[in-house]
Amino acid sequence: MEPLAVGEAVKRVIVALDPARRGDVDRLLDMAKQVCGVGAGIKVGLPMLALGGSEALAEAARLCKGGGLRVLDLKLADIGYIMRLAAESLSRGFDAAIAHAFVGYEGGLVELKKALEDLGARLVLVVSMSHPGSGEVLDPCLDKLLAVARRVEPWGVVAPATRPEVVARVRETLPTTVIMSPGVGAQGGRPGDAICLGGADYEIVGRMVASSPDPVSALRGVAEYIAARCPEKLLHSSTGNGPS
Ligand code: XMP
């Protein structure tokens, strides 16, 4: 039997399914079904939309229904009216959708949040990113981005697993908001950096799992690593909004 902490850890890992070419789309949709039954859920975004069309997004959401969180990552950054149109046409069937916090509240995120709520989905805001360039503009503005997040009151925020100290700062400012952290594996973050060191609720892992010949084993491997690092952090979600 799987140790308790590994069982908890695997429910903290969201798998990003990003096809690099058209031929990957069906393989990743098959994977959606497999990993949704095991992990915390899936995230799909622009690569899936570009290579598989809106049908592939809808299919990913359908295949994962009842099996975990379905996150749509278009990183929306437009006026509220346009973000609402995008949400209305693409986010049906998803549990959450990601937008940039820098768009701001008035005429922007307040409208998107309402549109998502009407669709039964939740808003997740990017307040910092996992790549080094986040240090050029976003991170010097972190306090302002967190102030936007405090005003918008999204269900979740995205903060980088590659910089757990930023995740910890976000956690301190937003103690009850779900934190999702990408950047594990291919971008250099170690499994557990965001959850164990920063207090994130979920880690998002893409290529490290999706490129593996055995994605479910790779997902369990990530969970085992997290569980070995901080079993005590896994018993309860820090926010009460995380996995049940
Ligand atoms: P890899 O293959 O690098 O995939 O594990 C990472 C996934 O996460 C997304 N990503 C981000 N999303 N803010 C976000 O909202 C970020 O800082 C960020 N960094 C990576 C990326 O789109 C991919 O799906």
# chains A, B, ... in the order shown; residues from 1 in each chain; ligands from 1

call {"tool": "residues_near_ligand", "arguments": {"ligand": "ligand 1", "cutoff": "7 Å", "atoms": "only C-alpha atoms and all ligand atoms", "output": "ChimeraX atom specification"}}
result
/A:16-18,43-45,73,75,98,126,128-131,158-160,182-187,204-208

call {"tool": "select_by_dssp", "arguments": {"residues": "stretch 149-212 of chain A", "states": "alpha helix (DSSP H)", "output": "list of chain:residue names"}}
result
A:Ala149, A:Arg150, A:Arg151, A:Val152, A:Pro164, A:Glu165, A:Val166, A:Val167, A:Ala168, A:Arg169, A:Val170, A:Arg171, A:Glu172, A:Thr173, A:Arg207, A:Met208, A:Val209, A:Ala210

call {"tool": "write_last_selection", "arguments": {"atoms": "N, CA and C atoms", "output": "JSON list (two decimals), in the first residue's frame"}}
result
[["chain", "number", "residue", "atom", "x", "y", "z"],
["A", 149, "ALA", "N", -4.44, 41.46, -6.22],
["A", 149, "ALA", "CA", -5.02, 40.17, -5.83],
["A", 149, "ALA", "C", -5.88, 40.32, -4.57],
["A", 150, "ARG", "N", -5.42, 41.14, -3.62],
["A", 150, "ARG", "CA", -6.23, 41.33, -2.40],
["A", 150, "ARG", "C", -7.58, 41.97, -2.75],
["A", 151, "ARG", "N", -7.55, 42.88, -3.72],
["A", 151, "ARG", "CA", -8.79, 43.56, -4.10],
["A", 151, "ARG", "C", -9.73, 42.64, -4.90],
["A", 152, "VAL", "N", -9.16, 41.88, -5.82],
["A", 152, "VAL", "CA", -9.97, 41.00, -6.68],
["A", 152, "VAL", "C", -10.50, 39.78, -5.92],
["A", 164, "PRO", "N", 11.14, 29.77, -4.22],
["A", 164, "PRO", "CA", 10.24, 29.50, -3.09],
["A", 164, "PRO", "C", 10.12, 30.68, -2.13],
["A", 165, "GLU", "N", 11.15, 31.55, -2.11],
["A", 165, "GLU", "CA", 11.04, 32.71, -1.21],
["A", 165, "GLU", "C", 9.93, 33.65, -1.66],
["A", 166, "VAL", "N", 9.69, 33.70, -2.98],
["A", 166, "VAL", "CA", 8.58, 34.51, -3.49],
["A", 166, "VAL", "C", 7.25, 33.85, -3.10],
["A", 167, "VAL", "N", 7.21, 32.53, -3.22],
["A", 167, "VAL", "CA", 5.99, 31.81, -2.82],
["A", 167, "VAL", "C", 5.69, 32.09, -1.34],
["A", 168, "ALA", "N", 6.74, 32.07, -0.51],
["A", 168, "ALA", "CA", 6.54, 32.31, 0.92],
["A", 168, "ALA", "C", 6.00, 33.72, 1.17],
["A", 169, "ARG", "N", 6.48, 34.68, 0.39],
["A", 169, "ARG", "CA", 5.99, 36.06, 0.55],
["A", 169, "ARG", "C", 4.52, 36.15, 0.14],
["A", 170, "VAL", "N", 4.20, 35.46, -0.94],
["A", 170, "VAL", "CA", 2.80, 35.45, -1.40],
["A", 170, "VAL", "C", 1.92, 34.79, -0.32],
["A", 171, "ARG", "N", 2.40, 33.69, 0.23],
["A", 171, "ARG", "CA", 1.62, 32.99, 1.26],
["A", 171, "ARG", "C", 1.38, 33.88, 2.48],
["A", 172, "GLU", "N", 2.42, 34.65, 2.84],
["A", 172, "GLU", "CA", 2.29, 35.54, 4.00],
["A", 172, "GLU", "C", 1.22, 36.61, 3.74],
["A", 173, "THR", "N", 1.20, 37.13, 2.51],
["A", 173, "THR", "CA", 0.25, 38.20, 2.18],
["A", 173, "THR", "C", -1.16, 37.67, 1.95],
["A", 207, "ARG", "N", 6.65, 19.04, -18.41],
["A", 207, "ARG", "CA", 7.46, 18.09, -19.17],
["A", 207, "ARG", "C", 8.00, 16.92, -18.35],
["A", 208, "MET", "N", 8.34, 17.17, -17.10],
["A", 208, "MET", "CA", 8.92, 16.10, -16.28],
["A", 208, "MET", "C", 7.98, 14.88, -16.21],
["A", 209, "VAL", "N", 6.69, 15.13, -16.25],
["A", 209, "VAL", "CA", 5.72, 14.04, -16.23],
["A", 209, "VAL", "C", 5.25, 13.73, -17.66],
["A", 210, "ALA", "N", 4.88, 14.77, -18.40],
["A", 210, "ALA", "CA", 4.22, 14.55, -19.70],
["A", 210, "ALA", "C", 5.17, 13.97, -20.74]]

call {"tool": "residues_around", "arguments": {"residues": "A:Gly37", "least_positions_apart": "5", "cutoff": "10 Å", "atoms": "only C-alpha atoms", "output": "PyMOL selection string"}}
result
chain A and resi 11+32+64-68+216

call {"tool": "write_last_selection", "arguments": {"atoms": "N, CA, C and O atoms", "output": "PDB file, in the first residue's frame"}}
result
ATOM      1  N   LYS A  11      -1.962  14.295  -4.609  1.00  0.00           N
ATOM      2  CA  LYS A  11      -3.143  15.157  -4.777  1.00  0.00           C
ATOM      3  C   LYS A  11      -2.776  16.638  -4.715  1.00  0.00           C
ATOM      4  O   LYS A  11      -3.649  17.503  -4.688  1.00  0.00           O
ATOM      5  N   ALA A  32      -4.431  12.843 -20.056  1.00  0.00           N
ATOM      6  CA  ALA A  32      -5.317  13.607 -19.167  1.00  0.00           C
ATOM      7  C   ALA A  32      -6.165  12.647 -18.345  1.00  0.00           C
ATOM      8  O   ALA A  32      -6.307  12.798 -17.132  1.00  0.00           O
ATOM      9  N   CYS A  64     -11.351  14.741 -17.909  1.00  0.00           N
ATOM     10  CA  CYS A  64     -10.898  14.867 -16.522  1.00  0.00           C
ATOM     11  C   CYS A  64     -12.064  15.103 -15.561  1.00  0.00           C
ATOM     12  O   CYS A  64     -11.863  15.243 -14.358  1.00  0.00           O
ATOM     13  N   LYS A  65     -13.262  15.135 -16.090  1.00  0.00           N
ATOM     14  CA  LYS A  65     -14.422  15.444 -15.246  1.00  0.00           C
ATOM     15  C   LYS A  65     -14.516  14.454 -14.075  1.00  0.00           C
ATOM     16  O   LYS A  65     -14.415  13.247 -14.273  1.00  0.00           O
ATOM     17  N   GLY A  66     -14.672  14.990 -12.886  1.00  0.00           N
ATOM     18  CA  GLY A  66     -14.796  14.133 -11.705  1.00  0.00           C
ATOM     19  C   GLY A  66     -13.472  13.586 -11.219  1.00  0.00           C
ATOM     20  O   GLY A  66     -13.414  12.862 -10.228  1.00  0.00           O
ATOM     21  N   GLY A  67     -12.378  13.943 -11.904  1.00  0.00           N
ATOM     22  CA  GLY A  67     -11.086  13.357 -11.536  1.00  0.00           C
ATOM     23  C   GLY A  67     -10.067  14.356 -11.035  1.00  0.00           C
ATOM     24  O   GLY A  67      -8.910  14.005 -10.861  1.00  0.00           O
ATOM     25  N   GLY A  68     -10.460  15.579 -10.828  1.00  0.00           N
ATOM     26  CA  GLY A  68      -9.484  16.550 -10.324  1.00  0.00           C
ATOM     27  C   GLY A  68      -9.747  17.924 -10.901  1.00  0.00           C
ATOM     28  O   GLY A  68     -10.711  18.123 -11.653  1.00  0.00           O
ATOM     29  N   VAL A 216       2.288   8.197 -15.322  1.00  0.00           N
ATOM     30  CA  VAL A 216       1.709   7.968 -13.986  1.00  0.00           C
ATOM     31  C   VAL A 216       2.821   7.659 -12.988  1.00  0.00           C
ATOM     32  O   VAL A 216       2.836   8.171 -11.865  1.00  0.00           O
TER      33      VAL A 216
END

call {"tool": "closest_residue", "arguments": {"among": "A:Arg84, A:Arg92, A:Arg22, A:Lys144", "to": "A:Val110", "atoms": "only C-alpha atoms"}}
result
A:Arg84

call {"tool": "atom_distance", "arguments": {"atom1": "atom CA of A:Gly39", "atom2": "atom CA of A:Val25"}}
result
19.8 Å

call {"tool": "select_by_dssp", "arguments": {"residues": "stretch 19-231 of chain A", "states": "strand (DSSP E or B)", "output": "PyMOL selection string"}}
result
chain A and resi 41-45+69-76+96-100+122-126+156-158+178-182+184+189+202-205

call {"tool": "residues_around", "arguments": {"residues": "stretch 118-120 of chain A", "least_positions_apart": "5", "cutoff": "9 Å", "atoms": "only C-alpha atoms", "output": "list in words"}}
result
Ala87, Glu88, Ser91, Arg92, Gly93, Phe94, Asp95, Ala96 and Lys113 of chain A

call {"tool": "write_last_selection", "arguments": {"atoms": "C-alpha atoms", "output": "mmCIF file, in the first residue's frame"}}
result
data_model
loop_
_atom_site.group_PDB
_atom_site.id
_atom_site.type_symbol
_atom_site.label_atom_id
_atom_site.label_comp_id
_atom_site.auth_asym_id
_atom_site.auth_seq_id
_atom_site.Cartn_x
_atom_site.Cartn_y
_atom_site.Cartn_z
ATOM 1 C CA ALA A 87 -13.819 32.918 -20.956
ATOM 2 C CA GLU A 88 -17.333 32.398 -22.295
ATOM 3 C CA SER A 91 -13.605 27.978 -20.225
ATOM 4 C CA ARG A 92 -16.755 25.873 -20.131
ATOM 5 C CA GLY A 93 -16.037 22.608 -18.334
ATOM 6 C CA PHE A 94 -13.008 24.033 -16.528
ATOM 7 C CA ASP A 95 -12.839 24.586 -12.780
ATOM 8 C CA ALA A 96 -10.421 27.512 -12.937
ATOM 9 C CA LYS A 113 -14.128 37.103 -12.213
#

call {"tool": "residues_around", "arguments": {"residues": "A:Asp78", "least_positions_apart": "5", "cutoff": "8 Å", "atoms": "only C-alpha atoms", "output": "ChimeraX atom specification"}}
result
/A:83,103,108

call {"tool": "decode", "arguments": {"residues": "stretch 113-214 of chain A", "atoms": "C-alpha atoms", "output": "short mmCIF file (atom, residue, chain, number, x, y, z; two decimals), in the first residue's frame"}}
result
data_model
loop_
_atom_site.label_atom_id
_atom_site.label_comp_id
_atom_site.auth_asym_id
_atom_site.auth_seq_id
_atom_site.Cartn_x
_atom_site.Cartn_y
_atom_site.Cartn_z
CA LYS A 113 -14.13 37.10 -12.21
CA LYS A 114 -17.89 37.65 -12.59
CA ALA A 115 -17.93 35.95 -16.03
CA LEU A 116 -16.10 32.93 -14.63
CA GLU A 117 -18.39 32.74 -11.62
CA ASP A 118 -21.38 32.71 -13.99
CA LEU A 119 -19.77 29.74 -15.76
CA GLY A 120 -19.08 27.92 -12.49
CA ALA A 121 -15.32 28.49 -12.76
CA ARG A 122 -12.82 30.24 -10.49
CA LEU A 123 -10.21 32.86 -11.16
CA VAL A 124 -6.48 32.32 -10.65
CA LEU A 125 -4.12 35.32 -10.96
CA VAL A 126 -0.44 35.30 -11.94
CA VAL A 127 1.49 37.45 -9.44
CA SER A 128 5.00 36.25 -10.32
CA MET A 129 6.42 33.92 -12.96
CA SER A 130 8.84 31.03 -12.93
CA HIS A 131 11.29 32.22 -15.62
CA PRO A 132 14.23 34.55 -14.85
CA GLY A 133 12.65 37.43 -16.79
CA SER A 134 10.01 37.69 -14.06
CA GLY A 135 12.70 39.64 -12.20
CA GLU A 136 12.68 42.40 -14.83
CA VAL A 137 9.16 43.81 -14.38
CA LEU A 138 6.84 41.51 -12.45
CA ASP A 139 8.85 40.86 -9.31
CA PRO A 140 9.77 44.51 -8.63
CA CYS A 141 5.98 45.08 -8.76
CA LEU A 142 5.08 42.11 -6.54
CA ASP A 143 3.57 44.27 -3.78
CA LYS A 144 1.34 46.03 -6.29
CA LEU A 145 0.32 42.74 -7.91
CA LEU A 146 -0.51 41.33 -4.49
CA ALA A 147 -2.57 44.44 -3.76
CA VAL A 148 -4.54 43.77 -6.96
CA ALA A 149 -5.02 40.17 -5.83
CA ARG A 150 -6.23 41.33 -2.40
CA ARG A 151 -8.79 43.56 -4.10
CA VAL A 152 -9.97 41.00 -6.68
CA GLU A 153 -10.07 38.15 -4.15
CA PRO A 154 -9.38 35.36 -6.67
CA TRP A 155 -9.71 31.73 -5.63
CA GLY A 156 -6.05 31.19 -6.45
CA VAL A 157 -2.76 32.77 -7.49
CA VAL A 158 0.25 31.47 -9.44
CA ALA A 159 3.70 31.91 -7.88
CA PRO A 160 7.00 30.35 -8.98
CA ALA A 161 8.35 27.03 -7.68
CA THR A 162 11.72 28.23 -8.99
CA ARG A 163 11.78 30.93 -6.28
CA PRO A 164 10.24 29.50 -3.09
CA GLU A 165 11.04 32.71 -1.21
CA VAL A 166 8.58 34.51 -3.49
CA VAL A 167 5.99 31.81 -2.82
CA ALA A 168 6.54 32.31 0.92
CA ARG A 169 5.99 36.06 0.55
CA VAL A 170 2.80 35.45 -1.40
CA ARG A 171 1.62 32.99 1.26
CA GLU A 172 2.29 35.54 4.00
CA THR A 173 0.25 38.20 2.18
CA LEU A 174 -2.57 35.90 1.05
CA PRO A 175 -2.90 33.33 3.83
CA THR A 176 -6.19 31.87 2.62
CA THR A 177 -5.72 31.96 -1.15
CA VAL A 178 -4.80 28.81 -3.07
CA ILE A 179 -1.25 29.01 -4.46
CA MET A 180 -0.28 27.02 -7.57
CA SER A 181 3.41 26.85 -8.41
CA PRO A 182 4.86 25.94 -11.80
CA GLY A 183 8.54 25.57 -12.56
CA VAL A 184 9.22 22.10 -11.15
CA GLY A 185 11.50 19.84 -13.18
CA ALA A 186 12.27 21.25 -16.63
CA GLN A 187 12.65 24.80 -15.29
CA GLY A 188 14.88 23.77 -12.40
CA GLY A 189 12.60 23.76 -9.36
CA ARG A 190 12.77 20.61 -7.23
CA PRO A 191 9.55 18.81 -6.31
CA GLY A 192 8.52 20.14 -2.90
CA ASP A 193 10.28 23.51 -3.15
CA ALA A 194 7.01 25.42 -3.44
CA ILE A 195 4.92 23.27 -1.08
CA CYS A 196 7.55 22.53 1.58
CA LEU A 197 9.50 25.82 1.55
CA GLY A 198 6.90 28.30 0.30
CA GLY A 199 3.58 27.01 1.59
CA ALA A 200 1.99 26.46 -1.84
CA ASP A 201 -1.06 24.22 -2.16
CA TYR A 202 -0.22 22.75 -5.56
CA GLU A 203 2.86 22.27 -7.71
CA ILE A 204 2.37 22.29 -11.49
CA VAL A 205 4.59 19.88 -13.39
CA GLY A 206 4.70 19.71 -17.17
CA ARG A 207 7.46 18.09 -19.17
CA MET A 208 8.92 16.10 -16.28
CA VAL A 209 5.72 14.04 -16.23
CA ALA A 210 4.22 14.55 -19.70
CA SER A 211 7.42 13.64 -21.57
CA SER A 212 7.93 10.45 -19.59
CA PRO A 213 7.17 7.11 -21.24
CA ASP A 214 5.29 6.26 -18.04
#
